[in-house]
$ cat run-v1.txt   # compact mmCIF, C-alpha atoms
# COMPACT_ATOMS: atom_id res chain seq x y z
CA MET A 1 -8.61 -22.29 -6.45
CA GLU A 2 -6.21 -20.52 -4.09
CA GLY A 3 -6.24 -17.36 -6.20
CA TYR A 4 -10.01 -17.56 -6.50
CA LEU A 5 -10.46 -17.79 -2.72
CA LEU A 6 -7.98 -14.96 -2.13
CA ASP A 7 -9.98 -12.77 -4.51
CA TRP A 8 -13.13 -13.50 -2.49
CA ALA A 9 -11.29 -12.73 0.75
CA ASN A 10 -10.12 -9.47 -0.81
CA LEU A 11 -13.64 -8.57 -1.93
CA LEU A 12 -15.40 -9.45 1.32
CA LEU A 13 -12.79 -7.79 3.54
CA ARG A 14 -12.89 -4.66 1.37
CA TRP A 15 -16.69 -4.61 1.58
CA LEU A 16 -16.62 -5.05 5.36
CA HIS A 17 -13.92 -2.41 5.70
CA VAL A 18 -15.95 0.16 3.77
CA ILE A 19 -19.11 -0.60 5.76
CA VAL A 20 -17.53 -0.24 9.20
CA ALA A 21 -15.44 2.76 8.07
CA ILE A 22 -18.64 4.53 7.05
CA ALA A 23 -20.06 3.79 10.51
CA TRP A 24 -16.94 5.04 12.30
CA ILE A 25 -16.24 8.16 10.28
CA GLY A 26 -19.96 8.90 10.04
CA SER A 27 -20.37 8.84 13.81
CA SER A 28 -17.24 10.97 14.17
CA PHE A 29 -18.59 13.56 11.73
CA TYR A 30 -21.96 13.51 13.46
CA PHE A 31 -20.59 14.13 16.94
CA VAL A 32 -18.30 16.94 15.75
CA TRP A 33 -21.32 18.57 14.12
CA LEU A 34 -23.47 17.93 17.20
CA ASP A 35 -20.88 19.34 19.60
CA ASN A 36 -20.58 22.52 17.54
CA SER A 37 -24.34 22.88 17.04
CA LEU A 38 -25.49 22.73 20.67
CA ARG A 39 -27.21 25.79 22.09
CA PRO A 40 -27.58 26.81 25.76
CA PRO A 41 -30.83 25.37 27.11
CA VAL A 42 -33.75 27.73 27.62
CA SER A 43 -35.46 25.60 30.26
CA ARG A 44 -34.49 26.36 33.83
CA GLU A 45 -35.04 22.72 34.68
CA LEU A 46 -32.38 21.62 32.20
CA LYS A 47 -29.92 24.18 33.56
CA ASP A 48 -30.50 22.96 37.09
CA ARG A 49 -29.80 19.39 35.96
CA GLY A 50 -26.41 20.48 34.60
CA VAL A 51 -27.26 20.50 30.89
CA GLY A 52 -24.86 22.86 29.12
CA GLY A 53 -26.24 22.53 25.60
CA GLU A 54 -29.06 20.95 23.63
CA LEU A 55 -30.22 20.58 20.07
CA TRP A 56 -33.60 20.06 18.48
CA ALA A 57 -33.61 18.19 15.17
CA VAL A 58 -36.08 16.48 12.88
CA HIS A 59 -35.19 13.40 10.85
CA GLY A 60 -37.14 10.58 9.28
CA GLY A 61 -40.46 11.92 10.53
CA GLY A 62 -39.34 12.11 14.17
CA PHE A 63 -38.07 14.81 16.53
CA TYR A 64 -34.84 14.45 18.51
CA ASN A 65 -33.52 16.42 21.46
CA PRO A 66 -29.91 15.43 22.33
CA GLN A 67 -28.47 17.12 25.42
CA LYS A 68 -24.90 17.51 26.67
CA TYR A 69 -24.04 17.79 30.36
CA LEU A 70 -21.27 20.13 31.48
CA GLY A 71 -20.19 17.65 34.13
CA ALA A 72 -21.60 14.49 35.58
CA PRO A 73 -25.36 13.97 35.12
CA PRO A 74 -27.45 13.25 38.23
CA SER A 75 -27.61 9.56 37.29
CA LEU A 76 -26.46 7.20 34.59
CA PRO A 77 -28.74 4.75 32.74
CA GLU A 78 -27.85 1.08 32.56
CA ASP A 79 -27.90 1.06 28.74
CA LEU A 80 -25.23 3.73 28.20
CA HIS A 81 -23.98 3.43 24.59
CA TRP A 82 -20.26 3.38 23.84
CA PHE A 83 -18.80 4.30 20.46
CA TYR A 84 -15.75 2.12 19.95
CA TRP A 85 -16.61 -1.02 17.99
CA GLU A 86 -16.88 1.05 14.82
CA SER A 87 -13.25 2.08 15.24
CA TYR A 88 -11.94 -1.36 16.16
CA SER A 89 -13.85 -3.08 13.35
CA THR A 90 -12.51 -0.60 10.81
CA TRP A 91 -8.91 -1.18 11.86
CA LEU A 92 -9.20 -4.96 12.09
CA SER A 93 -10.89 -5.31 8.71
CA GLY A 94 -8.40 -2.89 7.16
CA PHE A 95 -5.42 -4.78 8.57
CA GLY A 96 -6.92 -8.05 7.33
CA LEU A 97 -7.28 -6.59 3.85
CA PHE A 98 -3.75 -5.17 3.98
CA SER A 99 -2.42 -8.58 4.99
CA VAL A 100 -4.25 -10.54 2.28
CA LEU A 101 -3.32 -8.16 -0.50
CA TYR A 102 0.07 -6.71 0.44
CA LEU A 103 1.78 -8.70 3.18
CA PHE A 104 1.12 -12.06 1.50
CA ASN A 105 2.61 -10.81 -1.80
CA PRO A 106 5.35 -8.35 -0.80
CA LYS A 107 7.47 -8.96 -3.91
CA VAL A 108 4.61 -7.82 -6.12
CA PHE A 109 2.82 -5.20 -4.03
CA LEU A 110 5.37 -3.75 -1.59
CA ILE A 111 8.67 -3.76 -3.45
CA ASP A 112 9.78 -1.61 -6.36
CA PRO A 113 13.45 -2.34 -7.20
CA ASN A 114 13.70 1.11 -8.79
CA VAL A 115 12.90 2.64 -5.38
CA ALA A 116 14.68 0.31 -2.96
CA ASN A 117 16.08 -3.15 -3.64
CA ILE A 118 14.93 -4.83 -0.41
CA SER A 119 13.96 -8.41 0.35
CA PRO A 120 10.34 -9.48 0.91
CA THR A 121 11.06 -10.09 4.61
CA VAL A 122 12.48 -6.61 5.07
CA ALA A 123 9.51 -5.12 3.20
CA VAL A 124 6.96 -6.86 5.44
CA VAL A 125 8.81 -5.96 8.66
CA ALA A 126 9.21 -2.35 7.51
CA ALA A 127 5.52 -2.08 6.62
CA LEU A 128 4.49 -3.34 10.05
CA GLY A 129 7.12 -1.09 11.59
CA PHE A 130 5.50 1.97 10.05
CA LEU A 131 2.23 1.11 11.80
CA VAL A 132 3.84 0.47 15.21
CA LEU A 133 6.38 3.30 15.16
CA GLY A 134 3.80 5.66 13.73
CA TRP A 135 1.70 5.27 16.87
CA LEU A 136 4.62 5.25 19.32
CA VAL A 137 6.18 8.46 18.00
CA TYR A 138 2.84 10.26 17.76
CA ASP A 139 1.79 9.15 21.25
CA THR A 140 5.11 10.25 22.72
CA LEU A 141 4.73 13.69 21.16
CA CYS A 142 1.23 14.00 22.62
CA ARG A 143 2.38 12.94 26.08
CA VAL A 144 5.35 15.31 26.16
CA LEU A 145 3.58 18.31 24.57
CA ARG A 146 0.11 17.79 26.02
CA LYS A 147 -0.25 21.45 27.04
CA GLN A 148 1.48 22.97 24.00
CA GLU A 149 -1.15 22.41 21.34
CA LYS A 150 0.33 24.61 18.59
CA LEU A 151 3.81 23.16 18.88
CA LEU A 152 2.34 19.65 19.01
CA ALA A 153 0.33 20.29 15.84
CA VAL A 154 3.41 21.52 13.97
CA LEU A 155 5.50 18.53 15.04
CA VAL A 156 2.77 16.03 14.13
CA VAL A 157 2.53 17.57 10.65
CA LEU A 158 6.32 17.45 10.23
CA TYR A 159 6.33 13.85 11.40
CA VAL A 160 3.70 12.85 8.84
CA VAL A 161 5.69 14.62 6.11
CA ALA A 162 8.88 12.79 7.14
CA ALA A 163 7.03 9.46 7.27
CA ALA A 164 5.57 10.06 3.79
CA TYR A 165 9.03 10.82 2.43
CA GLY A 166 10.45 7.69 4.03
CA ALA A 167 7.64 5.42 2.86
CA CYS A 168 7.85 6.67 -0.73
CA HIS A 169 11.61 6.03 -0.76
CA LEU A 170 11.29 2.51 0.64
CA PHE A 171 8.16 0.95 -0.87
CA SER A 172 6.48 1.00 -4.26
CA GLY A 173 4.43 4.17 -4.72
CA ARG A 174 1.11 2.37 -4.48
CA ALA A 175 2.12 0.60 -1.27
CA ALA A 176 3.66 3.76 0.22
CA PHE A 177 0.41 5.71 -0.09
CA LEU A 178 -1.58 2.86 1.44
CA ILE A 179 0.92 2.36 4.27
CA MET A 180 0.72 6.06 5.14
CA GLY A 181 -3.07 5.81 5.28
CA ALA A 182 -2.79 2.67 7.41
CA MET A 183 -0.29 4.36 9.74
CA ILE A 184 -2.57 7.32 10.36
CA ALA A 185 -5.61 5.04 10.69
CA THR A 186 -3.68 3.02 13.28
CA ILE A 187 -3.02 6.23 15.21
CA MET A 188 -6.73 7.07 15.08
CA SER A 189 -7.87 3.68 16.30
CA ALA A 190 -5.14 3.55 18.96
CA ASN A 191 -6.33 6.94 20.22
CA VAL A 192 -9.74 5.39 20.79
CA PHE A 193 -8.36 2.19 22.31
CA PHE A 194 -5.67 3.64 24.61
CA TRP A 195 -7.02 7.05 25.55
CA ILE A 196 -10.59 7.97 24.62
CA ILE A 197 -12.44 4.84 25.80
CA PRO A 198 -10.27 4.17 28.92
CA GLY A 199 -10.73 7.79 29.97
CA GLN A 200 -14.48 7.54 29.54
CA ARG A 201 -14.54 4.32 31.55
CA LYS A 202 -12.70 6.02 34.42
CA VAL A 203 -15.18 8.91 34.33
CA VAL A 204 -18.16 6.56 34.42
CA ALA A 205 -16.62 4.49 37.23
CA ALA A 206 -16.00 7.62 39.32
CA MET A 207 -19.57 8.82 38.75
CA LYS A 208 -21.06 5.48 39.77
CA ALA A 209 -18.88 5.45 42.89
CA GLY A 210 -20.00 8.95 43.80
CA GLN A 211 -16.44 10.29 43.53
CA PRO A 212 -15.34 13.56 41.88
CA VAL A 213 -14.46 13.25 38.21
CA ASP A 214 -10.89 14.13 37.22
CA PRO A 215 -11.20 16.55 34.26
CA ILE A 216 -7.89 15.31 32.82
CA HIS A 217 -9.65 12.32 31.24
CA GLY A 218 -12.00 14.54 29.29
CA GLN A 219 -9.18 16.85 28.23
CA ARG A 220 -7.02 14.01 26.93
CA GLY A 221 -9.91 12.35 25.17
CA LYS A 222 -10.91 15.64 23.55
CA GLN A 223 -7.37 16.27 22.31
CA ARG A 224 -7.11 12.86 20.65
CA SER A 225 -10.64 13.15 19.26
CA VAL A 226 -9.77 16.48 17.63
CA HIS A 227 -6.68 14.93 16.06
CA ASN A 228 -8.78 12.07 14.70
CA THR A 229 -11.15 14.59 13.15
CA TYR A 230 -8.36 16.18 11.11
CA PHE A 231 -6.92 12.79 10.13
CA THR A 232 -10.11 11.48 8.49
CA LEU A 233 -9.95 13.04 5.02
CA PRO A 234 -6.19 12.40 4.51
CA VAL A 235 -6.74 8.74 5.45
CA LEU A 236 -9.65 8.42 3.04
CA PHE A 237 -7.55 9.77 0.18
CA ALA A 238 -4.64 7.44 0.97
CA MET A 239 -7.00 4.45 0.97
CA LEU A 240 -8.52 5.42 -2.39
CA SER A 241 -5.25 6.40 -4.07
CA ASN A 242 -4.26 2.87 -5.16
CA HIS A 243 -6.84 3.17 -7.96
CA TYR A 244 -5.13 6.25 -9.45
CA SER A 245 -1.55 5.62 -10.50
CA MET A 246 -0.98 9.19 -11.73
CA THR A 247 -0.60 10.18 -8.06
CA TYR A 248 1.67 7.49 -6.63
CA SER A 249 3.75 6.86 -9.79
CA HIS A 250 5.19 10.40 -9.90
CA LYS A 251 8.89 10.71 -9.03
CA HIS A 252 7.99 13.16 -6.24
CA ASN A 253 5.02 11.10 -5.06
CA TRP A 254 5.69 11.84 -1.37
CA LEU A 255 5.07 15.54 -2.04
CA VAL A 256 1.93 14.73 -4.03
CA LEU A 257 0.62 12.76 -1.05
CA VAL A 258 1.46 15.51 1.44
CA LEU A 259 -0.16 18.24 -0.66
CA ILE A 260 -3.41 16.33 -1.13
CA MET A 261 -3.49 15.49 2.59
CA VAL A 262 -3.06 19.19 3.38
CA ALA A 263 -6.00 19.95 1.07
CA GLY A 264 -8.05 17.40 3.01
CA VAL A 265 -7.20 19.06 6.33
CA LEU A 266 -8.18 22.48 4.96
CA ILE A 267 -11.53 21.13 3.74
CA ARG A 268 -12.17 19.56 7.14
CA GLN A 269 -11.34 22.85 8.86
CA PHE A 270 -13.91 24.64 6.72
CA PHE A 271 -16.66 22.27 7.83
CA LEU A 272 -15.60 22.45 11.47
CA LEU A 273 -15.97 26.22 11.40
CA LYS A 274 -19.21 25.97 9.43
CA HIS A 275 -20.70 23.83 12.21
CA LYS A 276 -19.98 26.73 14.54
CA GLY A 277 -21.74 29.15 12.23
CA LYS A 278 -18.53 30.63 10.78
CA ILE A 279 -18.09 30.60 7.02
CA ASN A 280 -14.49 31.09 5.95
CA VAL A 281 -14.08 30.45 2.23
CA ALA A 282 -10.32 30.90 2.48
CA TYR A 283 -9.94 27.26 3.58
CA PRO A 284 -11.77 25.57 0.68
CA ALA A 285 -10.26 28.12 -1.72
CA ALA A 286 -6.77 27.16 -0.56
CA ALA A 287 -7.65 23.46 -0.82
CA ILE A 288 -8.94 23.90 -4.37
CA ALA A 289 -5.83 25.89 -5.33
CA ILE A 290 -3.61 23.09 -4.01
CA LEU A 291 -5.57 20.40 -5.87
CA VAL A 292 -5.59 22.38 -9.12
CA GLY A 293 -1.87 22.94 -8.76
CA VAL A 294 -1.27 19.21 -8.24
CA ILE A 295 -3.45 18.34 -11.24
CA ALA A 296 -1.50 20.75 -13.44
CA TRP A 297 1.82 19.50 -12.07
CA LEU A 298 1.02 15.84 -12.78
CA ALA A 299 -0.46 16.43 -16.24
CA PRO A 300 1.25 14.24 -18.88
CA ALA A 301 3.32 15.97 -21.53
CA GLN A 302 1.46 16.54 -24.78
CA GLN A 303 2.74 14.61 -27.77
CA ALA A 304 2.32 15.42 -31.43
CA ALA A 305 -0.48 13.48 -33.09
CA ALA A 306 0.62 10.65 -35.34
CA PRO A 307 -0.32 10.82 -39.05
CA ALA A 308 -3.60 9.17 -39.97
CA GLY A 309 -3.24 5.42 -40.24
CA ALA A 310 0.15 5.43 -38.56
CA ALA A 311 -1.25 4.18 -35.27
CA ALA A 312 -1.69 0.62 -36.44
CA ALA A 313 1.08 0.56 -38.98
CA GLY A 314 3.34 -2.40 -38.44
CA VAL A 315 1.84 -3.28 -35.03
CA ASP A 316 0.23 -6.70 -34.62
CA VAL A 317 -0.60 -9.02 -31.74
CA GLY A 318 2.67 -10.87 -32.23
CA GLN A 319 4.66 -7.78 -31.21
CA VAL A 320 2.38 -7.21 -28.25
CA GLN A 321 2.76 -10.86 -27.24
CA LYS A 322 6.53 -10.39 -26.95
CA VAL A 323 5.96 -7.50 -24.51
CA VAL A 324 3.42 -9.51 -22.54
CA GLU A 325 5.76 -12.50 -22.29
CA ALA A 326 8.58 -10.27 -21.06
CA ARG A 327 6.58 -8.09 -18.65
CA CYS A 328 3.24 -9.67 -17.73
CA VAL A 329 3.21 -13.46 -17.57
CA GLN A 330 5.24 -13.42 -14.33
CA CYS A 331 1.87 -12.71 -12.67
CA HIS A 332 -0.54 -13.59 -15.50
CA GLY A 333 0.85 -16.89 -16.72
CA ALA A 334 -0.68 -20.32 -16.29
CA LYS A 335 2.19 -20.99 -13.84
CA PRO A 336 3.27 -17.52 -12.70
CA THR A 337 6.69 -17.08 -11.12
CA MET A 338 5.87 -14.09 -8.91
CA MET A 339 2.56 -15.28 -7.48
CA PRO A 340 1.17 -18.66 -6.39
CA THR A 341 -1.70 -18.44 -8.89
CA PRO A 342 -2.54 -16.19 -11.86
CA ALA A 343 -3.39 -12.70 -10.58
CA LYS A 344 -7.17 -12.12 -10.67
CA GLY A 345 -7.44 -15.43 -12.52
CA ILE A 346 -6.29 -13.73 -15.74
CA VAL A 347 -3.90 -15.69 -17.97
CA LEU A 348 -2.25 -13.80 -20.85
CA GLU A 349 -0.55 -16.62 -22.71
CA GLY A 350 -1.12 -16.78 -26.46
CA PRO A 351 -2.53 -14.30 -29.00
CA GLU A 352 -6.17 -15.16 -28.38
CA ALA A 353 -5.89 -14.62 -24.63
CA ILE A 354 -4.20 -11.27 -25.22
CA ARG A 355 -6.85 -10.16 -27.72
CA SER A 356 -9.70 -11.21 -25.42
CA HIS A 357 -8.26 -8.98 -22.67
CA ALA A 358 -7.20 -6.16 -25.00
CA GLN A 359 -9.31 -3.46 -23.42
CA LEU A 360 -8.25 -4.39 -19.88
CA ILE A 361 -4.59 -4.47 -20.93
CA TYR A 362 -4.92 -1.05 -22.55
CA GLN A 363 -6.62 0.46 -19.49
CA GLN A 364 -4.15 -0.94 -16.96
CA VAL A 365 -0.90 -0.67 -18.93
CA VAL A 366 -1.38 2.43 -21.08
CA VAL A 367 -4.06 4.65 -19.56
CA GLN A 368 -3.58 4.12 -15.83
CA LYS A 369 -0.03 2.74 -15.98
CA ALA A 370 -0.98 0.65 -12.96
CA MET A 371 0.50 -2.51 -14.44
CA PRO A 372 2.94 -4.10 -13.98
CA LEU A 373 2.56 -3.37 -10.27
CA GLY A 374 5.42 -1.19 -9.16
CA ASN A 375 6.81 -1.82 -12.64
CA VAL A 376 8.64 -4.73 -11.08
CA THR A 377 9.29 -6.23 -14.54
CA GLY A 378 10.62 -2.97 -15.98
CA ILE A 379 8.22 -2.24 -18.82
CA THR A 380 9.40 0.74 -20.90
CA ASP A 381 7.49 3.73 -22.25
CA ASP A 382 8.13 2.48 -25.78
CA GLU A 383 6.50 -0.86 -24.92
CA ARG A 384 3.48 0.92 -23.47
CA ALA A 385 3.29 3.01 -26.65
CA LEU A 386 3.43 -0.18 -28.74
CA ILE A 387 0.43 -1.62 -26.87
CA ALA A 388 -1.39 1.71 -27.29
CA LYS A 389 -0.84 1.70 -31.07
CA TRP A 390 -2.01 -1.88 -31.33
CA PHE A 391 -5.22 -1.30 -29.35
CA GLU A 392 -6.06 2.05 -30.92
CA GLY A 393 -5.57 0.45 -34.31
CA GLY A 394 -8.24 -2.13 -33.59
CA ALA A 395 -6.30 -4.73 -31.58
CA LYS A 396 -5.66 -6.77 -34.73

$ encode --input "run-v1.txt" --output "structure tokens"
Amino acid sequence: MEGYLLDWANLLLRWLHVIVAIAWIGSSFYFVWLDNSLRPPVSRELKDRGVGGELWAVHGGGFYNPQKYLGAPPSLPEDLHWFYWESYSTWLSGFGLFSVLYLFNPKVFLIDPNVANISPTVAVVAALGFLVLGWLVYDTLCRVLRKQEKLLAVLVVLYVVAAAYGACHLFSGRAAFLIMGAMIATIMSANVFFWIIPGQRKVVAAMKAGQPVDPIHGQRGKQRSVHNTYFTLPVLFAMLSNHYSMTYSHKHNWLVLVLIMVAGVLIRQFFLLKHKGKINVAYPAAAIAILVGVIAWLAPAQQAAAPAGAAAAGVDVGQVQKVVEARCVQCHGAKPTMMPTPAKGIVLEGPEAIRSHAQLIYQQVVVQKAMPLGNVTGITDDERALIAKWFEGGAK
């Protein structure tokens, strides 16, 4: 029952996380597009009211006319909308999901003895430390180099690269990719919580009090908002990567992560310029070249085809059962030793249970090489090949 309820918590938190992430990133994309699509107003009345840009749009059968003021508008409505709950909900649901899946089972999900032989306690503390230190270091860089944008950008990139290297040499590959995504997502949400929203509140308070507005709040908020814009696509990849073991299982997985994140930044830059009416194909071309290069780099080595009929020769479920008992039942036994309950409710004890899950075993162990998680039980390539021969020969 415990495993069953944890699976439901995993599902519902993941669903919630995706929903609120769509709302947050969608609103971010929309406002970046809107800001770059505004045109100087034609109406003299709008200019006199302080409107610096406007946009006419049609959607869903209606016409919209958003306007942006250069400074403070003449008056503020009572129902002023704030965009922050999307960000907070995304982080909270993501941290809840991270806790249920990773922090509650560090020995299975966080630790890979082949990477670093650390204790579960150290793994959990280190994972949380990446989130906290990630924000503190980034925020310090922004405070110190607030007026040196180019140098700040270079140092933030180098910091992310160093963090990726460290994570991939401390945690299992799957966890390292996710922790990097969570670290950057924490930076994004903290930007909203500590800088963007407080700055906007100070601006609104000054306007209502009839006092001059300090432009520093807008400048700081804009800087952090721009950073969040470039972070979005790298974070999305990191969050999706746990489904694709060919990326995080590579021996140089930190470099794989960095290269794909760079491709995401280049793609985002293309769209940012496109919103301004500038088409520069060099950015998507470079992103595609990087992705193609990574795909070619990670491609598995080709092996000579086995003679006809050799695939199933001498391989039966009894041989596969020995591999399963040595490598899989620690999580998929009736009384697993590495988890409180059978993972996903799947028990692989006995020939019939193995045969009934043959396709799933083949997909996870042979094709994706996602199991065992972090290869914590040390399955060998020969054992994976044995399972492949058995399944491809009809799972007899």

$ closest_residue --input "run-v1.txt" --among "A:Ala285, A:Ile267, A:Ile216, A:Ile379" --to "Lys202 in chain A" --atoms "only C-alpha atoms"
A:Ile216

$ atom_distance --input "run-v1.txt" --atom1 "CA of Val294 in chain A" --atom2 "CA of Gly378 in chain A"
26.3 Å

$ residues_near_point --input "run-v1.txt" --point "(1.0, 11.9, -5.5)" --cutoff "10 Å" --atoms "all atoms listed in the file" --output "short mmCIF file (atom, residue, chain, number, x, y, z; two decimals) with C-alpha atoms, in the frame of the given file"
data_model
loop_
_atom_site.label_atom_id
_atom_site.label_comp_id
_atom_site.auth_asym_id
_atom_site.auth_seq_id
_atom_site.Cartn_x
_atom_site.Cartn_y
_atom_site.Cartn_z
CA CYS A 168 7.85 6.67 -0.73
CA GLY A 173 4.43 4.17 -4.72
CA ARG A 174 1.11 2.37 -4.48
CA PHE A 177 0.41 5.71 -0.09
CA ALA A 238 -4.64 7.44 0.97
CA SER A 241 -5.25 6.40 -4.07
CA TYR A 244 -5.13 6.25 -9.45
CA SER A 245 -1.55 5.62 -10.50
CA MET A 246 -0.98 9.19 -11.73
CA THR A 247 -0.60 10.18 -8.06
CA TYR A 248 1.67 7.49 -6.63
CA SER A 249 3.75 6.86 -9.79
CA HIS A 250 5.19 10.40 -9.90
CA LYS A 251 8.89 10.71 -9.03
CA HIS A 252 7.99 13.16 -6.24
CA ASN A 253 5.02 11.10 -5.06
CA TRP A 254 5.69 11.84 -1.37
CA LEU A 255 5.07 15.54 -2.04
CA VAL A 256 1.93 14.73 -4.03
CA LEU A 257 0.62 12.76 -1.05
CA VAL A 258 1.46 15.51 1.44
CA LEU A 259 -0.16 18.24 -0.66
CA ILE A 260 -3.41 16.33 -1.13
CA MET A 261 -3.49 15.49 2.59
CA VAL A 294 -1.27 19.21 -8.24
CA ILE A 295 -3.45 18.34 -11.24
CA LEU A 298 1.02 15.84 -12.78
#

$ residues_around --input "run-v1.txt" --residues "range 77-86 of chain A" --least-positions-apart "2" --cutoff "10 Å" --atoms "all atoms listed in the file" --output "PyMOL selection string"
chain A and resi 19-28+75+88-91+189+192-193+196-197+200-201+204

$ closest_residue --input "run-v1.txt" --among "A:Val226, A:Val235, A:Leu97, A:Leu128" --to "Glu149 in chain A" --atoms "only C-alpha atoms"
A:Val226

$ atom_distance --input "run-v1.txt" --atom1 "CA of Ile179 in chain A" --atom2 "CA of Leu131 in chain A"
7.7 Å

$ residues_around --input "run-v1.txt" --residues "Tyr230 in chain A" --least-positions-apart "4" --cutoff "8 Å" --atoms "all atoms listed in the file" --output "PyMOL selection string"
chain A and resi 226+234+265+268-269
